[in-house]
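Q: Submitted below is the structure of interest, expressed as structure tokens.
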Amino acid sequence: MPDSLRRLLAHLKLDLGPLRDSRDYRLLMASGVITMFGTFITMVAVPYQMKQLTGSYVAVGLVSLAEFVPMVICGLWGGAIADALDRRKVILLSEVGLLVTSAMLTFNAMLPEPQIWVLYVVGALSTGLASLQRPSMEALIPQVVRHDQLGAAAVLASLRWNIGAIAAPALGGLLVTTFSVATAYAVDTVSFVLSLVLLWRIRAVPPKEDAAPASIRSMVEGLRYAASRRDLMGTYLVDIAAMVFAMSTALYPFLADQFGTPQAVGLLYSAGAVGSLIASLTGAWTARVQRQGIGVILAAALWGISVALAAVMPSIWAIFLCLALAGAADMVSGIFRMTMWNQTIPEELRGRLAGIELLSYASGPMLGNARAGLMADLGGTRFSLGVGGLLCVGSVGVLAWLLPSFRAYDARTSEHALAEKARRRAAHTEG
């Protein structure tokens, strides 16, 4: 094998260091794989069931909109809780709540006449619980992974997401079309039971003695810190803009129908995950990138271009390829954003900033799906896809121009990255 090819393959090789060195990280990863698998099945089942019950673009899009308010409130409060309480306990209690909501969806689907309002209410409740949990999950990672392995951990986290996201939507489509939505929800319920067994084994992570109690004041402190960091604001705003204008998963059931292949809805849902998985498996190079800001900008622009191209493709497989490219671009953007967050945010603020991060990457898809449904109601599915993708590219370009410090971010010279690296080195030495 030529030396140049050997070096290229070495750069692409996945770094398993965090899994090898941290037992708690292994448990988090295993739990995440199982939970994501069930969650993505439900992600297919809910809009499919809503479409069956109503046949309305708007009704399907409003499922995401109904989840927006609890996501905002619980995401911020979950961040404050993550900095004030035992993060393991928060994760466990939230997981129990999510198990209950999944069981409620199963019960409703088994009724002779499933209730539409249950999909909205339970969906909002489930989103609230997940938003309470996620900041504790994110804040726990820097505590169980070495600082020099945070980039590799970001790549592995993306791989975990894709293991669930690639097969689960296809399986979800098969379950809802061949069996029933109740079966899909039941599989999700079982996944939460298995996940709880793994999460229970993680060691307790008590807060610092001088940790700020969860309060409005502590949440405001986190918001002020985020607002003071233009580089962090860039990661939030670019992702929100990209998702609001180009996220269109609510259109997939209708798009599959237009091609006369309703069974392909699961294929469309898994397309982005296929691209994301390829990006994750070959993503070792991202851990060596130092200018993550410009990386986020370029990846977000490619996401929008790919979605716009999907709007003019003549076949379901061509659309699949475009959506896969979009998924790869989105995953690279996510790896860069996660690396920046974990490299630069002080531990005592990590939970609250994780809550703000949740708002950035979760609010965008929710609003984006609502936008997609409304635009499709006005001009059709392809109109919504194409215009949304072009608006994404334009908005990312404007934000890149308005945020020069975000464009210029470099982990080798950033005062925040250097300070956090020094703090963790000192803590490791003392330990």
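To be explicit about the labels: the chains of the structure tokens are called A, B, and onward in the order shown, and within each one the residues are counted from 1, while ligands get numbers from 1 in the order they are shown.
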Please identify all polymer residues within 7 Å of region 401-415 of chain A, counting only C-alpha atoms, omitting same-chain residues fewer than 4 positions from it, and present them as a PDB file with N, CA and C atoms, in the first residue's frame.

A:
ATOM      1  N   ARG A 230     -19.232  35.969  21.198  1.00  0.00           N
ATOM      2  CA  ARG A 230     -19.694  36.033  19.812  1.00  0.00           C
ATOM      3  C   ARG A 230     -19.436  34.723  19.072  1.00  0.00           C
ATOM      4  N   ASP A 231     -18.363  34.011  19.466  1.00  0.00           N
ATOM      5  CA  ASP A 231     -18.093  32.741  18.800  1.00  0.00           C
ATOM      6  C   ASP A 231     -19.175  31.712  19.132  1.00  0.00           C
ATOM      7  N   GLY A 234     -22.400  32.462  17.281  1.00  0.00           N
ATOM      8  CA  GLY A 234     -22.338  32.021  15.895  1.00  0.00           C
ATOM      9  C   GLY A 234     -22.774  30.575  15.737  1.00  0.00           C
ATOM     10  N   GLN A 290      -8.775  22.965  13.595  1.00  0.00           N
ATOM     11  CA  GLN A 290      -8.663  23.967  14.663  1.00  0.00           C
ATOM     12  C   GLN A 290      -9.591  25.158  14.443  1.00  0.00           C
ATOM     13  N   ARG A 291      -9.990  25.405  13.209  1.00  0.00           N
ATOM     14  CA  ARG A 291     -10.866  26.543  12.902  1.00  0.00           C
ATOM     15  C   ARG A 291     -12.297  26.025  12.689  1.00  0.00           C
ATOM     16  N   GLN A 292     -12.920  25.658  13.783  1.00  0.00           N
ATOM     17  CA  GLN A 292     -14.254  25.066  13.698  1.00  0.00           C
ATOM     18  C   GLN A 292     -15.319  26.055  13.237  1.00  0.00           C
ATOM     19  N   GLY A 293     -15.136  27.338  13.476  1.00  0.00           N
ATOM     20  CA  GLY A 293     -16.143  28.324  13.085  1.00  0.00           C
ATOM     21  C   GLY A 293     -16.401  28.331  11.592  1.00  0.00           C
ATOM     22  N   ILE A 294     -15.346  28.444  10.808  1.00  0.00           N
ATOM     23  CA  ILE A 294     -15.513  28.457   9.362  1.00  0.00           C
ATOM     24  C   ILE A 294     -16.009  27.093   8.880  1.00  0.00           C
ATOM     25  N   GLY A 397     -24.955  32.800   4.840  1.00  0.00           N
ATOM     26  CA  GLY A 397     -24.007  33.775   4.309  1.00  0.00           C
ATOM     27  C   GLY A 397     -24.080  35.108   5.030  1.00  0.00           C
ATOM     28  N   ALA A 419      -7.838  28.767  28.185  1.00  0.00           N
ATOM     29  CA  ALA A 419      -8.111  28.825  29.626  1.00  0.00           C
ATOM     30  C   ALA A 419      -8.729  27.528  30.121  1.00  0.00           C
TER      31      ALA A 419
END

Q: If we count only C-alpha atoms and set the cut-off at 9 Å, which residues sit around region 100-112 of chain A, ignoring sequence neighbours fewer than 4 positions away in its own chain? Please answer as a compact mmCIF listing (two decimals) with all heavy atoms, in the first residue's frame.

A:
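Output below, filename part_28.txt:
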# COMPACT_ATOMS: atom_id res chain seq x y z
N THR A 42 -40.33 6.29 16.78
CA THR A 42 -41.47 7.13 17.13
C THR A 42 -41.51 8.40 16.27
O THR A 42 -42.59 8.89 15.94
CB THR A 42 -41.41 7.50 18.63
OG1 THR A 42 -41.61 6.31 19.40
CG2 THR A 42 -42.48 8.52 19.00
N VAL A 46 -45.23 9.16 14.69
CA VAL A 46 -46.12 10.28 15.05
C VAL A 46 -46.63 11.03 13.82
O VAL A 46 -47.86 11.19 13.65
CB VAL A 46 -45.43 11.23 16.04
CG1 VAL A 46 -46.25 12.51 16.22
CG2 VAL A 46 -45.27 10.55 17.40
N GLN A 49 -49.00 8.74 11.84
CA GLN A 49 -50.32 8.60 12.45
C GLN A 49 -51.15 9.87 12.28
O GLN A 49 -52.34 9.82 12.00
CB GLN A 49 -50.18 8.25 13.93
CG GLN A 49 -51.52 7.95 14.60
CD GLN A 49 -51.38 7.62 16.07
OE1 GLN A 49 -50.39 7.95 16.71
NE2 GLN A 49 -52.40 6.97 16.62
N GLU A 95 -35.50 9.87 32.24
CA GLU A 95 -35.67 8.66 31.43
C GLU A 95 -36.93 7.91 31.83
O GLU A 95 -37.65 7.37 30.98
CB GLU A 95 -34.44 7.77 31.59
CG GLU A 95 -34.30 6.71 30.53
CD GLU A 95 -33.71 7.23 29.22
OE1 GLU A 95 -33.53 8.45 29.08
OE2 GLU A 95 -33.43 6.40 28.34
N VAL A 96 -37.22 7.88 33.14
CA VAL A 96 -38.45 7.24 33.60
C VAL A 96 -39.67 7.97 33.03
O VAL A 96 -40.63 7.35 32.56
CB VAL A 96 -38.52 7.23 35.14
CG1 VAL A 96 -39.90 6.77 35.62
CG2 VAL A 96 -37.44 6.33 35.72
N VAL A 118 -53.94 13.82 21.84
CA VAL A 118 -52.92 13.09 22.60
C VAL A 118 -51.55 13.22 21.93
O VAL A 118 -50.52 13.37 22.59
CB VAL A 118 -53.31 11.61 22.76
CG1 VAL A 118 -52.15 10.80 23.35
CG2 VAL A 118 -54.54 11.48 23.64
N LEU A 119 -51.54 13.19 20.60
CA LEU A 119 -50.27 13.32 19.88
C LEU A 119 -49.63 14.67 20.15
O LEU A 119 -48.40 14.77 20.30
CB LEU A 119 -50.50 13.13 18.38
CG LEU A 119 -51.01 11.76 17.93
CD1 LEU A 119 -51.16 11.73 16.41
CD2 LEU A 119 -50.10 10.65 18.39
N VAL A 122 -48.97 14.74 24.47
CA VAL A 122 -47.91 13.83 24.91
C VAL A 122 -46.60 14.15 24.19
O VAL A 122 -45.52 14.04 24.78
CB VAL A 122 -48.33 12.36 24.67
CG1 VAL A 122 -47.20 11.41 25.02
CG2 VAL A 122 -49.56 12.03 25.50
N GLY A 123 -46.71 14.58 22.93
CA GLY A 123 -45.50 14.99 22.24
C GLY A 123 -44.83 16.17 22.92
O GLY A 123 -43.60 16.21 23.06
N LEU A 125 -45.16 16.97 26.14
CA LEU A 125 -44.66 16.49 27.41
C LEU A 125 -43.35 15.72 27.24
O LEU A 125 -42.39 15.92 28.00
CB LEU A 125 -45.71 15.59 28.07
CG LEU A 125 -45.35 14.97 29.43
CD1 LEU A 125 -45.06 16.06 30.45
CD2 LEU A 125 -46.47 14.07 29.91
N SER A 126 -43.30 14.87 26.24
CA SER A 126 -42.08 14.10 25.97
C SER A 126 -40.92 15.03 25.61
O SER A 126 -39.78 14.83 26.08
CB SER A 126 -42.33 13.12 24.82
OG SER A 126 -41.16 12.43 24.48
N SER A 180 -48.46 -1.72 12.80
CA SER A 180 -49.30 -0.62 13.27
C SER A 180 -48.43 0.40 13.98
O SER A 180 -47.28 0.11 14.37
CB SER A 180 -50.37 -1.13 14.25
OG SER A 180 -49.76 -1.62 15.43
N VAL A 181 -48.96 1.61 14.16
CA VAL A 181 -48.22 2.62 14.91
C VAL A 181 -48.10 2.21 16.37
O VAL A 181 -47.12 2.56 17.05
CB VAL A 181 -48.89 4.02 14.79
CG1 VAL A 181 -48.73 4.57 13.39
CG2 VAL A 181 -50.35 3.97 15.20
N ALA A 182 -49.06 1.46 16.88
CA ALA A 182 -48.98 0.98 18.27
C ALA A 182 -47.75 0.09 18.46
O ALA A 182 -47.06 0.17 19.49
CB ALA A 182 -50.25 0.22 18.64
N THR A 183 -47.45 -0.74 17.48
CA THR A 183 -46.26 -1.59 17.55
C THR A 183 -44.99 -0.74 17.60
O THR A 183 -44.07 -1.03 18.37
CB THR A 183 -46.21 -2.53 16.34
OG1 THR A 183 -47.40 -3.31 16.29
CG2 THR A 183 -45.01 -3.45 16.41
N ALA A 184 -44.95 0.30 16.79
CA ALA A 184 -43.79 1.18 16.78
C ALA A 184 -43.60 1.85 18.14
O ALA A 184 -42.48 1.92 18.67
CB ALA A 184 -43.95 2.24 15.69
N TYR A 185 -44.67 2.37 18.72
CA TYR A 185 -44.58 3.00 20.03
C TYR A 185 -44.15 2.00 21.10
O TYR A 185 -43.40 2.33 22.03
CB TYR A 185 -45.92 3.63 20.42
CG TYR A 185 -46.36 4.77 19.54
CD1 TYR A 185 -47.70 4.91 19.18
CD2 TYR A 185 -45.46 5.72 19.09
CE1 TYR A 185 -48.13 5.96 18.38
CE2 TYR A 185 -45.87 6.77 18.28
CZ TYR A 185 -47.21 6.89 17.93
OH TYR A 185 -47.62 7.94 17.14
N ALA A 186 -44.63 0.76 21.00
CA ALA A 186 -44.27 -0.26 21.99
C ALA A 186 -42.77 -0.57 21.95
O ALA A 186 -42.14 -0.77 22.99
CB ALA A 186 -45.08 -1.54 21.75
N ASP A 188 -40.45 1.55 21.15
CA ASP A 188 -39.82 2.69 21.81
C ASP A 188 -39.90 2.54 23.33
O ASP A 188 -38.93 2.82 24.05
CB ASP A 188 -40.50 3.98 21.37
CG ASP A 188 -39.75 5.23 21.84
OD1 ASP A 188 -38.55 5.12 22.13
OD2 ASP A 188 -40.38 6.29 21.91
N THR A 189 -41.03 2.08 23.84
CA THR A 189 -41.19 1.89 25.29
C THR A 189 -40.18 0.89 25.83
O THR A 189 -39.55 1.12 26.86
CB THR A 189 -42.63 1.42 25.60
OG1 THR A 189 -43.57 2.35 25.08
CG2 THR A 189 -42.83 1.28 27.11
N PHE A 192 -36.62 2.29 26.24
CA PHE A 192 -36.38 3.10 27.44
C PHE A 192 -36.10 2.20 28.65
O PHE A 192 -35.30 2.56 29.53
CB PHE A 192 -37.56 4.01 27.72
CG PHE A 192 -37.58 5.25 26.86
CD1 PHE A 192 -38.63 5.49 25.98
CD2 PHE A 192 -36.56 6.17 26.92
CE1 PHE A 192 -38.65 6.62 25.18
CE2 PHE A 192 -36.57 7.31 26.14
CZ PHE A 192 -37.61 7.53 25.27

Q: Applying 6 Å and only C-alpha atoms, which residues near region 202-204 of chain A remain after dropping the ones on its own chain fewer than 2 positions away? List them as a PyMOL selection string.

A: chain A and resi 24+88+199-200

Q: Ser360 (chain A): which residues within 10 Å, counting only C-alpha atoms, same-chain residues fewer than 3 positions away excluded, as a list of chain:residue names?

A: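 My reading of the contact set: A:Val72, A:Met233, A:Thr235, A:Tyr236, A:Leu237, A:Val238, A:Asp239, A:Ile240, A:Ala241, A:Met243, A:Ala354, A:Gly355, A:Ile356, A:Glu357, A:Ser363, A:Gly364, A:Pro365.
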
Q: Selection from above, C-alpha atoms, as a PDB file, in the first residue's frame, can you write it?

A:
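Final output, selection_34.pdb:
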ATOM      1  CA  VAL A  72     -37.595  26.293  25.301  1.00  0.00           C
ATOM      2  CA  MET A 233     -23.531  32.910  19.370  1.00  0.00           C
ATOM      3  CA  THR A 235     -22.726  28.302  16.570  1.00  0.00           C
ATOM      4  CA  TYR A 236     -26.284  28.847  17.798  1.00  0.00           C
ATOM      5  CA  LEU A 237     -27.522  31.304  15.176  1.00  0.00           C
ATOM      6  CA  VAL A 238     -26.091  29.552  12.115  1.00  0.00           C
ATOM      7  CA  ASP A 239     -27.603  26.228  13.150  1.00  0.00           C
ATOM      8  CA  ILE A 240     -31.008  27.777  13.909  1.00  0.00           C
ATOM      9  CA  ALA A 241     -31.089  29.537  10.535  1.00  0.00           C
ATOM     10  CA  MET A 243     -32.706  24.264  10.367  1.00  0.00           C
ATOM     11  CA  ALA A 354     -25.979  22.915  27.223  1.00  0.00           C
ATOM     12  CA  GLY A 355     -29.573  24.084  27.756  1.00  0.00           C
ATOM     13  CA  ILE A 356     -28.966  26.985  25.383  1.00  0.00           C
ATOM     14  CA  GLU A 357     -27.316  24.624  22.894  1.00  0.00           C
ATOM     15  CA  SER A 363     -35.837  24.695  18.076  1.00  0.00           C
ATOM     16  CA  GLY A 364     -34.617  24.976  14.489  1.00  0.00           C
ATOM     17  CA  PRO A 365     -35.994  21.584  13.335  1.00  0.00           C
TER      18      PRO A 365
END

Q: Kindly indicate which residue among A:Leu132, A:Leu194, A:Ala376, A:Ala301 lies nearest to Val58 (chain A), using only C-alpha atoms for the distances.

A: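 With only C-alpha atoms as the atom set, the closest residue is A:Ala376.
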
Q: Considering only C-alpha atoms, return as number ranges by chain whatever protein or nucleic-acid residues lie within 12 Å of Leu196 (chain A), sequence-local ones (same chain, fewer than 6 positions apart) excluded.

A: A: 27-28, 30-32, 34-35, 88-89, 91-99, 189-190, 202

Q: How many Å lie between CA of Glu221 (chain A) and CA of Leu353 (chain A), rounded to one decimal?

A: 9.9 Å

Q: Which is closer to Val312 (chain A) than all the others in A:Val63, A:Leu385, A:Val296, A:Ala362, using only C-alpha atoms?

A: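 Checking each candidate against Val312 (chain A), we get A:Leu385 as the closest.
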
Q: Choose the residue, out of A:Val90, A:Ala80, A:Ala328, A:Ala45, that has the smallest atom-to-atom separation from Met219 (chain A); count only C-alpha atoms.

A: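 The answer is A:Ala80, which sits nearest to Met219 (chain A).
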
Q: Please report the interatomic distance between CA of Ala310 (chain A) and CA of Val176 (chain A) in Å with one decimal.

A: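 If I compute the distance from CA of Ala310 (chain A) to CA of Val176 (chain A), I get 25.0 Å.
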
Q: With a distance cut-off of 9 Å and only C-alpha atoms, select the neighbouring residues of Met36 (chain A), excluding the residue or stretch itself and same-chain residues fewer than 6 positions from it, and output the selection as a PDB file with all heavy atoms, in the first residue's frame.

A:
ATOM      1  N   ARG A 160     -22.996   7.451  17.364  1.00  0.00           N
ATOM      2  CA  ARG A 160     -24.083   6.889  18.171  1.00  0.00           C
ATOM      3  C   ARG A 160     -25.439   7.332  17.634  1.00  0.00           C
ATOM      4  O   ARG A 160     -26.363   6.536  17.489  1.00  0.00           O
ATOM      5  CB  ARG A 160     -23.936   7.345  19.623  1.00  0.00           C
ATOM      6  CG  ARG A 160     -25.062   6.894  20.542  1.00  0.00           C
ATOM      7  CD  ARG A 160     -25.095   7.725  21.809  1.00  0.00           C
ATOM      8  NE  ARG A 160     -25.471   9.099  21.517  1.00  0.00           N
ATOM      9  CZ  ARG A 160     -25.401  10.084  22.415  1.00  0.00           C
ATOM     10  NH1 ARG A 160     -24.960   9.862  23.630  1.00  0.00           N
ATOM     11  NH2 ARG A 160     -25.773  11.310  22.069  1.00  0.00           N
ATOM     12  N   TRP A 161     -25.538   8.617  17.329  1.00  0.00           N
ATOM     13  CA  TRP A 161     -26.793   9.155  16.791  1.00  0.00           C
ATOM     14  C   TRP A 161     -27.171   8.427  15.502  1.00  0.00           C
ATOM     15  O   TRP A 161     -28.329   8.073  15.289  1.00  0.00           O
ATOM     16  CB  TRP A 161     -26.621  10.647  16.547  1.00  0.00           C
ATOM     17  CG  TRP A 161     -27.865  11.334  16.094  1.00  0.00           C
ATOM     18  CD1 TRP A 161     -28.831  11.893  16.870  1.00  0.00           C
ATOM     19  CD2 TRP A 161     -28.270  11.552  14.733  1.00  0.00           C
ATOM     20  NE1 TRP A 161     -29.811  12.441  16.090  1.00  0.00           N
ATOM     21  CE2 TRP A 161     -29.497  12.250  14.773  1.00  0.00           C
ATOM     22  CE3 TRP A 161     -27.716  11.228  13.506  1.00  0.00           C
ATOM     23  CZ2 TRP A 161     -30.174  12.629  13.619  1.00  0.00           C
ATOM     24  CZ3 TRP A 161     -28.390  11.605  12.354  1.00  0.00           C
ATOM     25  CH2 TRP A 161     -29.606  12.293  12.423  1.00  0.00           C
ATOM     26  N   ASN A 162     -26.174   8.177  14.677  1.00  0.00           N
ATOM     27  CA  ASN A 162     -26.463   7.590  13.374  1.00  0.00           C
ATOM     28  C   ASN A 162     -26.819   6.114  13.442  1.00  0.00           C
ATOM     29  O   ASN A 162     -27.573   5.613  12.610  1.00  0.00           O
ATOM     30  CB  ASN A 162     -25.259   7.784  12.446  1.00  0.00           C
ATOM     31  CG  ASN A 162     -25.156   9.209  11.979  1.00  0.00           C
ATOM     32  OD1 ASN A 162     -26.073   9.740  11.377  1.00  0.00           O
ATOM     33  ND2 ASN A 162     -24.051   9.860  12.286  1.00  0.00           N
ATOM     34  N   ILE A 163     -26.276   5.400  14.427  1.00  0.00           N
ATOM     35  CA  ILE A 163     -26.625   3.984  14.553  1.00  0.00           C
ATOM     36  C   ILE A 163     -28.126   3.851  14.747  1.00  0.00           C
ATOM     37  O   ILE A 163     -28.781   2.973  14.177  1.00  0.00           O
ATOM     38  CB  ILE A 163     -25.857   3.344  15.719  1.00  0.00           C
ATOM     39  CG1 ILE A 163     -24.381   3.210  15.341  1.00  0.00           C
ATOM     40  CG2 ILE A 163     -26.431   1.979  16.073  1.00  0.00           C
ATOM     41  CD1 ILE A 163     -23.506   2.693  16.463  1.00  0.00           C
ATOM     42  N   GLY A 164     -28.697   4.761  15.571  1.00  0.00           N
ATOM     43  CA  GLY A 164     -30.138   4.746  15.739  1.00  0.00           C
ATOM     44  C   GLY A 164     -30.867   5.339  14.546  1.00  0.00           C
ATOM     45  O   GLY A 164     -31.917   4.842  14.143  1.00  0.00           O
ATOM     46  N   ALA A 165     -30.283   6.404  13.964  1.00  0.00           N
ATOM     47  CA  ALA A 165     -30.998   7.153  12.940  1.00  0.00           C
ATOM     48  C   ALA A 165     -31.018   6.494  11.573  1.00  0.00           C
ATOM     49  O   ALA A 165     -31.881   6.800  10.752  1.00  0.00           O
ATOM     50  CB  ALA A 165     -30.386   8.560  12.802  1.00  0.00           C
ATOM     51  N   ALA A 168     -33.321   2.789  12.262  1.00  0.00           N
ATOM     52  CA  ALA A 168     -34.601   2.962  12.959  1.00  0.00           C
ATOM     53  C   ALA A 168     -35.690   3.599  12.095  1.00  0.00           C
ATOM     54  O   ALA A 168     -36.836   3.128  12.130  1.00  0.00           O
ATOM     55  CB  ALA A 168     -34.398   3.759  14.240  1.00  0.00           C
ATOM     56  N   SER A 191     -37.314   0.193  24.552  1.00  0.00           N
ATOM     57  CA  SER A 191     -35.964   0.765  24.466  1.00  0.00           C
ATOM     58  C   SER A 191     -35.635   1.607  25.696  1.00  0.00           C
ATOM     59  O   SER A 191     -34.488   1.615  26.167  1.00  0.00           O
ATOM     60  CB  SER A 191     -35.821   1.599  23.187  1.00  0.00           C
ATOM     61  OG  SER A 191     -36.462   2.860  23.309  1.00  0.00           O
TER      62      SER A 191
END

Q: Extract, using only C-alpha atoms, all DNA, RNA and protein residues at most 12 Å from Ala273 (chain A), discarding same-chain residues fewer than 6 positions from it, and format them as an NGL selection string.

A: :A and (36-37 or 40 or 158-170 or 266-267 or 279-281 or 320-331)
